[in-house]
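Raw coords.txt, compact mmCIF, C-alpha atoms:
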```txt
# COMPACT_ATOMS: atom_id res chain seq x y z
CA MET A 78 80.46 19.79 59.82
CA ARG A 79 81.08 16.86 57.49
CA ALA A 80 79.16 14.55 59.79
CA LYS A 81 76.00 16.53 58.94
CA VAL A 82 76.16 15.78 55.20
CA PRO A 83 73.95 12.84 54.15
CA GLY A 84 74.99 9.78 52.19
CA SER A 85 77.69 9.64 49.56
CA ALA A 86 77.79 13.44 49.35
CA GLN A 87 79.76 13.31 52.60
CA ASN A 88 82.93 12.34 50.73
CA GLY A 89 82.17 14.38 47.64
CA ALA A 90 81.19 11.34 45.55
CA ASP A 91 78.09 13.02 44.05
CA VAL A 92 79.77 16.36 43.42
CA GLN A 93 80.21 17.31 39.76
CA CYS A 94 82.47 20.36 40.11
CA ILE A 95 84.76 22.18 42.51
CA GLY A 96 83.50 25.51 43.77
CA SER A 97 80.85 27.51 45.58
CA PHE A 98 77.61 25.96 46.82
CA VAL A 99 75.72 28.86 45.22
CA SER A 100 77.49 29.85 42.00
CA GLY A 101 79.50 26.71 41.27
CA ARG A 102 82.56 28.88 40.63
CA CYS A 103 85.80 28.77 42.64
CA LYS A 104 86.53 31.73 44.86
CA ASP A 105 89.81 32.61 46.54
CA MET A 106 89.59 35.87 48.45
CA ARG A 107 92.77 35.59 50.52
CA ARG A 108 95.37 37.59 48.63
CA PHE A 109 92.98 39.57 46.44
CA PRO A 110 89.55 38.67 45.06
CA ARG A 111 89.78 35.94 42.43
CA GLU A 112 86.95 33.92 40.97
CA THR A 113 86.73 31.54 38.05
CA GLU A 114 84.47 32.44 35.15
CA GLY A 115 82.88 29.01 35.09
CA PRO A 116 82.89 25.68 36.89
CA ILE A 117 86.06 23.73 37.56
CA ARG A 118 85.67 20.02 36.89
CA ASP A 119 88.71 18.55 38.66
CA GLU A 120 91.65 19.29 40.92
CA VAL A 121 94.02 19.76 37.98
CA GLN A 122 91.98 22.80 36.91
CA PHE A 123 91.70 23.95 40.54
CA SER A 124 95.49 23.83 41.05
CA ASP A 125 96.01 25.63 37.74
CA PHE A 126 93.58 28.34 38.94
CA LEU A 127 95.60 28.78 42.16
CA CYS A 128 98.84 29.14 40.18
CA ARG A 129 97.54 31.69 37.71
CA GLN A 130 97.21 35.44 37.91
CA ALA A 131 96.06 37.86 35.24
CA ARG A 132 98.85 39.91 33.69
CA ARG A 133 101.47 37.66 35.26
CA THR A 134 103.87 35.52 33.22
CA GLU A 135 104.24 31.90 34.26
CA THR A 136 107.80 31.55 35.55
CA PRO A 137 110.03 28.52 36.11
CA TRP A 138 109.42 29.14 39.84
CA ILE A 139 105.64 28.74 39.62
CA ARG A 140 105.96 25.77 37.20
CA MET A 141 108.17 24.06 39.80
CA VAL A 142 105.65 24.82 42.57
CA ARG A 143 102.75 23.59 40.41
CA SER A 144 104.60 20.32 39.75
CA MET A 145 104.68 19.68 43.53
CA MET A 146 100.90 19.89 43.87
CA SER A 147 98.88 16.70 44.12
CA ASP A 148 95.78 16.56 41.96
CA TYR A 149 94.16 13.57 43.66
CA HIS A 150 92.54 14.80 46.87
CA ARG A 151 88.96 13.84 47.62
CA LEU A 152 86.37 16.60 47.51
CA ALA A 153 84.93 17.80 50.80
CA MET A 154 82.25 20.15 52.02
CA THR A 155 84.24 23.25 52.95
CA HIS A 156 83.31 26.35 54.95
CA GLY A 157 86.13 28.35 53.36
CA ASP A 158 86.52 30.99 56.09
CA LEU A 159 87.20 29.24 59.39
CA HIS A 160 88.24 31.98 61.78
CA PRO A 161 87.40 32.54 65.46
CA ARG A 162 84.94 35.31 64.50
CA ASN A 163 82.91 32.76 62.49
CA ILE A 164 82.71 30.06 65.16
CA MET A 165 79.97 30.06 67.81
CA ALA A 166 80.71 27.92 70.85
CA ARG A 167 79.68 27.35 74.45
CA TRP A 168 81.15 25.61 77.45
CA GLU A 169 79.29 22.47 78.56
CA ALA A 170 79.53 20.36 81.68
CA GLY A 171 81.55 17.17 81.65
CA GLN A 172 80.46 14.31 79.41
CA LYS A 173 79.71 10.77 80.61
CA GLY A 174 82.72 9.30 82.33
CA GLN A 175 84.27 12.72 83.03
CA PRO A 176 84.17 14.66 86.29
CA GLU A 177 81.14 16.99 86.46
CA ASP A 178 83.33 20.03 87.05
CA GLN A 179 85.35 19.40 83.87
CA GLU A 180 83.90 21.52 81.07
CA HIS A 181 84.52 21.13 77.37
CA LEU A 182 84.01 23.48 74.47
CA CYS A 183 81.10 22.64 72.17
CA ILE A 184 80.90 24.20 68.70
CA THR A 185 77.29 25.26 68.15
CA ALA A 186 77.41 27.00 64.75
CA LEU A 187 79.63 28.15 61.91
CA LEU A 188 78.76 31.59 60.55
CA ASP A 189 79.47 33.27 57.20
CA TRP A 190 79.20 30.52 54.59
CA GLU A 191 79.72 32.91 51.67
CA LEU A 192 82.96 31.12 50.65
CA GLY A 193 81.59 27.63 51.33
CA GLY A 194 81.54 24.96 48.66
CA TRP A 195 83.01 21.70 47.45
CA TYR A 196 86.80 21.86 47.40
CA PRO A 197 89.75 19.45 47.73
CA GLU A 198 89.92 18.05 51.25
CA HIS A 199 93.04 20.04 52.19
CA TRP A 200 91.47 23.42 51.30
CA GLU A 201 89.77 24.03 54.68
CA PHE A 202 93.09 23.63 56.53
CA VAL A 203 94.99 25.84 54.07
CA LYS A 204 92.33 28.55 54.13
CA ALA A 205 91.92 28.46 57.93
CA LEU A 206 95.63 29.12 58.42
CA SER A 207 95.41 32.02 55.99
CA THR A 208 92.69 33.92 57.88
CA VAL A 209 94.84 35.43 60.64
CA ASP A 210 97.84 37.72 60.86
CA LEU A 211 100.73 35.68 62.25
CA ARG A 212 101.92 38.74 64.16
CA GLY A 213 98.48 39.74 65.45
CA PRO A 214 96.48 38.78 68.53
CA LEU A 215 95.52 35.34 67.13
CA THR A 216 99.03 33.93 66.79
CA ASP A 217 97.88 30.77 68.61
CA TRP A 218 95.00 30.08 66.16
CA CYS A 219 96.86 27.04 64.82
CA ASP A 220 96.65 25.47 68.31
CA TYR A 221 92.84 25.57 68.15
CA LEU A 222 92.17 24.46 64.60
CA PRO A 223 89.68 21.57 64.59
CA THR A 224 92.10 19.22 62.82
CA GLU A 225 90.10 16.18 63.95
CA ALA A 226 87.37 17.48 61.61
CA ILE A 227 89.37 19.12 58.80
CA GLY A 228 92.59 17.10 58.85
CA ARG A 229 96.20 18.26 58.90
CA TRP A 230 97.73 19.23 55.57
CA PRO A 231 101.20 20.74 56.25
CA VAL A 232 102.62 19.93 52.79
CA GLU A 233 99.68 21.53 50.98
CA PHE A 234 99.86 24.55 53.30
CA SER A 235 103.60 24.93 52.63
CA ILE A 236 103.04 24.77 48.87
CA ASP A 237 100.32 27.40 49.22
CA LEU A 238 102.84 29.66 50.99
CA PHE A 239 105.10 29.34 47.92
CA ILE A 240 102.17 30.37 45.72
CA SER A 241 101.50 33.36 47.99
CA ARG A 242 105.11 34.42 47.67
CA TRP A 243 104.89 34.26 43.88
CA LEU A 244 101.57 36.11 43.73
CA GLY A 245 102.96 38.79 46.02
```
The structure in this file should be written as structure tokens.
Amino acid sequence: MRAKVPGSAQNGADVQCIGSFVSGRCKDMRRFPRETEGPIRDEVQFSDFLCRQARRTETPWIRMVRSMMSDYHRLAMTHGDLHPRNIMARWEAGQKGQPEDQEHLCITALLDWELGGWYPEHWEFVKALSTVDLRGPLTDWCDYLPTEAIGRWPVEFSIDLFISRWLG
């Protein structure tokens, strides 16, 4: 996905705000629909958005969690809803240097870009792990995440679990 973005936009260098490709606002639809009223200019504001909920008092617990969050990730083009239902793939014959009977899975398309935008580089990993029920039929989803493309962000994911606990 990121290999398809031209020039310096590939690492988010030309991006002026964090949020949706279309509206420019941040969306987080995981726990309940939340969207910023305007653009978010940096990761400090993004992290504050994640740690805030209307009609909820900021507690020592959430202040402690917020203090653990890094505000210095690079921005990356993000799909925002990686889930098996949104990934089109096909099996292809072996590549050069591999036996002909050895097939590999080739991703052909990503569907449903409604939550796509420019977000901190860890966001795709965090969101992808939040799209499935850990007790449902996709309990092995984490084994298939394309971490070579989106990276591995276990600390950021763990912090996000703390936020989920606080938000309820």
Query raised in the report: What is the CA of Gly213 (chain A)-CA of Pro197 (chain A) distance in Å, reported with one decimal?
Result: 28.3 Å
Quick one: residues within 7 Å of region 225-233 of chain A, all atoms listed in the file, excluding same-chain residues fewer than 5 positions away - as a PDB file with C-alpha atoms, in the frame of the given file?
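The result, stored in around.pdb:
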```pdb
ATOM      1  CA  HIS A 199      93.040  20.040  52.190  1.00  0.00           C
ATOM      2  CA  GLU A 201      89.770  24.030  54.680  1.00  0.00           C
ATOM      3  CA  PHE A 202      93.090  23.630  56.530  1.00  0.00           C
TER       4      PHE A 202
END
```
Using the file's own x, y and z axes, so that the box edges lie along x, y and z, what centre and edge lengths in Å (one decimal) does a box around every listed atom of region 191-196 of chain A get when 8 Å is added on each side? Give it as lines of an AutoDock Vina configuration file.
```
center_x = 83.3
center_y = 27.3
center_z = 49.5
size_x = 23.1
size_y = 27.2
size_z = 20.3
```
Query raised in the report: Of the candidates A:Phe123, A:Val99, A:Gln93, A:Ile139, which one gets nearest to Ser241 (chain A) if we count all atoms listed in the file?
Result: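 Ranked by minimum distance to Ser241 (chain A), first place goes to A:Ile139.
Coordinates place CA of Leu188 (chain A) at a distance of 24.7 Å from CA of Asp237 (chain A).
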Query raised in the report: Quick one: residues within 12 Å of Gly96 (chain A), all atoms listed in the file counted, chain neighbours fewer than 2 positions away excluded, as a ChimeraX atom specification?
Result: /A:89,92-94,98-105,112-120,122-123,126,152-157,191-197,200
Query raised in the report: How many Å lie between CA of Thr185 (chain A) and CA of Pro214 (chain A), rounded to one decimal?
Result: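 Pair CA of Thr185 (chain A) / CA of Pro214 (chain A) returns 23.5 Å.
Every protein, DNA or RNA residue with an atom at most 12 Å from Gln130 (chain A), where all atoms listed in the file count and chain neighbours fewer than 2 positions away do not, is listed here: Asp105, Arg108, Phe109, Pro110, Arg111, Glu112, Thr113, Asp125, Phe126, Leu127, Cys128, Arg132, Arg133, Thr134, Glu135, Thr136, Ile139, Ile240, Ser241, Trp243, Leu244 and Gly245 of chain A.
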Report task. Select, from A:His160, A:Arg107, A:Arg242, A:Arg143, the residue with the minimum atom-to-atom distance to Asp189 (chain A), counting all atoms listed in the file. Result -> A:His160
Query raised in the report: Excluding same-chain residues fewer than 2 positions from Arg167 (chain A), what lies within 12 Å of it counting all atoms listed in the file, as a PyMOL selection string?
Result: chain A and resi 164-165+169-170+180-186
Filtering to C-alpha atoms, could you give me those residues as a PDB file, in the frame of the given file?
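Saved to out23.pdb:
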```pdb
ATOM      1  CA  ILE A 164      82.710  30.060  65.160  1.00  0.00           C
ATOM      2  CA  MET A 165      79.970  30.060  67.810  1.00  0.00           C
ATOM      3  CA  GLU A 169      79.290  22.470  78.560  1.00  0.00           C
ATOM      4  CA  ALA A 170      79.530  20.360  81.680  1.00  0.00           C
ATOM      5  CA  GLU A 180      83.900  21.520  81.070  1.00  0.00           C
ATOM      6  CA  HIS A 181      84.520  21.130  77.370  1.00  0.00           C
ATOM      7  CA  LEU A 182      84.010  23.480  74.470  1.00  0.00           C
ATOM      8  CA  CYS A 183      81.100  22.640  72.170  1.00  0.00           C
ATOM      9  CA  ILE A 184      80.900  24.200  68.700  1.00  0.00           C
ATOM     10  CA  THR A 185      77.290  25.260  68.150  1.00  0.00           C
ATOM     11  CA  ALA A 186      77.410  27.000  64.750  1.00  0.00           C
TER      12      ALA A 186
END
```
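Distance annotation: of A:Ser124, A:Ser235, A:Thr224, A:Asn163, the residue with the minimal separation from Trp190 (chain A) is A:Asn163; atom set is all atoms listed in the file.
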Query raised in the report: Using only C-alpha atoms, which residue out of A:Val121, A:Val203, A:Leu211, A:Ile236 lies closest to Met141 (chain A)?
Result: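 Smallest distance to Met141 (chain A) is found for A:Ile236.
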Requested in this report: Go through A:Val209, A:Glu198, A:Ser97, A:Tyr221 and flag the residue nearest His150 (chain A), using only C-alpha atoms for the distances.
Outcome: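 So, comparing all the options, the nearest one is A:Glu198.
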Using the incomplete input, complete region 194-219 of chain A to the level of N, CA and C atoms; output as an mmCIF file, in the frame of the given file.
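Below is the file selection_2.cif, written as the result:
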```cif
data_model
loop_
_atom_site.group_PDB
_atom_site.id
_atom_site.type_symbol
_atom_site.label_atom_id
_atom_site.label_comp_id
_atom_site.auth_asym_id
_atom_site.auth_seq_id
_atom_site.Cartn_x
_atom_site.Cartn_y
_atom_site.Cartn_z
ATOM 1 N N GLY A 194 81.745 25.711 49.889
ATOM 2 C CA GLY A 194 81.540 24.960 48.660
ATOM 3 C C GLY A 194 82.204 23.608 48.730
ATOM 4 N N TRP A 195 82.312 22.982 47.579
ATOM 5 C CA TRP A 195 83.010 21.700 47.450
ATOM 6 C C TRP A 195 84.416 21.987 46.944
ATOM 7 N N TYR A 196 85.403 21.609 47.735
ATOM 8 C CA TYR A 196 86.800 21.860 47.400
ATOM 9 C C TYR A 196 87.634 20.643 47.792
ATOM 10 N N PRO A 197 88.878 20.549 47.303
ATOM 11 C CA PRO A 197 89.750 19.450 47.730
ATOM 12 C C PRO A 197 89.872 19.431 49.256
ATOM 13 N N GLU A 198 89.992 18.241 49.807
ATOM 14 C CA GLU A 198 89.920 18.050 51.250
ATOM 15 C C GLU A 198 90.938 18.852 52.056
ATOM 16 N N HIS A 199 92.033 19.263 51.457
ATOM 17 C CA HIS A 199 93.040 20.040 52.190
ATOM 18 C C HIS A 199 92.699 21.531 52.262
ATOM 19 N N TRP A 200 91.743 21.994 51.467
ATOM 20 C CA TRP A 200 91.470 23.420 51.300
ATOM 21 C C TRP A 200 91.046 24.094 52.610
ATOM 22 N N GLU A 201 90.225 23.426 53.420
ATOM 23 C CA GLU A 201 89.770 24.030 54.680
ATOM 24 C C GLU A 201 90.955 24.348 55.588
ATOM 25 N N PHE A 202 91.902 23.425 55.695
ATOM 26 C CA PHE A 202 93.090 23.630 56.530
ATOM 27 C C PHE A 202 93.929 24.786 55.993
ATOM 28 N N VAL A 203 94.187 24.787 54.698
ATOM 29 C CA VAL A 203 94.990 25.840 54.070
ATOM 30 C C VAL A 203 94.331 27.202 54.267
ATOM 31 N N LYS A 204 93.035 27.275 53.994
ATOM 32 C CA LYS A 204 92.330 28.550 54.130
ATOM 33 C C LYS A 204 92.268 29.010 55.587
ATOM 34 N N ALA A 205 92.029 28.080 56.517
ATOM 35 C CA ALA A 205 91.920 28.460 57.930
ATOM 36 C C ALA A 205 93.220 29.066 58.451
ATOM 37 N N LEU A 206 94.347 28.566 57.978
ATOM 38 C CA LEU A 206 95.630 29.120 58.420
ATOM 39 C C LEU A 206 95.946 30.437 57.726
ATOM 40 N N SER A 207 95.185 30.774 56.720
ATOM 41 C CA SER A 207 95.410 32.020 55.990
ATOM 42 C C SER A 207 94.496 33.155 56.453
ATOM 43 N N THR A 208 93.672 32.911 57.469
ATOM 44 C CA THR A 208 92.690 33.920 57.880
ATOM 45 C C THR A 208 93.173 34.848 58.973
ATOM 46 N N VAL A 209 94.352 34.592 59.529
ATOM 47 C CA VAL A 209 94.840 35.430 60.640
ATOM 48 C C VAL A 209 96.224 35.976 60.336
ATOM 49 N N ASP A 210 96.522 37.100 60.947
ATOM 50 C CA ASP A 210 97.840 37.720 60.860
ATOM 51 C C ASP A 210 98.750 37.011 61.858
ATOM 52 N N LEU A 211 99.832 36.437 61.379
ATOM 53 C CA LEU A 211 100.730 35.680 62.250
ATOM 54 C C LEU A 211 101.400 36.541 63.312
ATOM 55 N N ARG A 212 101.339 37.846 63.163
ATOM 56 C CA ARG A 212 101.920 38.740 64.160
ATOM 57 C C ARG A 212 100.847 39.434 64.996
ATOM 58 N N GLY A 213 99.595 39.092 64.764
ATOM 59 C CA GLY A 213 98.480 39.740 65.450
ATOM 60 C C GLY A 213 98.086 39.009 66.723
ATOM 61 N N PRO A 214 96.916 39.350 67.253
ATOM 62 C CA PRO A 214 96.480 38.780 68.530
ATOM 63 C C PRO A 214 96.091 37.298 68.459
ATOM 64 N N LEU A 215 95.935 36.748 67.267
ATOM 65 C CA LEU A 215 95.520 35.340 67.130
ATOM 66 C C LEU A 215 96.678 34.443 66.701
ATOM 67 N N THR A 216 97.865 34.718 67.193
ATOM 68 C CA THR A 216 99.030 33.930 66.790
ATOM 69 C C THR A 216 98.914 32.464 67.201
ATOM 70 N N ASP A 217 98.043 32.155 68.166
ATOM 71 C CA ASP A 217 97.880 30.770 68.610
ATOM 72 C C ASP A 217 96.706 30.062 67.914
ATOM 73 N N TRP A 218 96.127 30.666 66.880
ATOM 74 C CA TRP A 218 95.000 30.080 66.160
ATOM 75 C C TRP A 218 95.288 28.658 65.721
ATOM 76 N N CYS A 219 96.513 28.393 65.287
ATOM 77 C CA CYS A 219 96.860 27.040 64.820
ATOM 78 C C CYS A 219 96.701 25.999 65.927
#
```
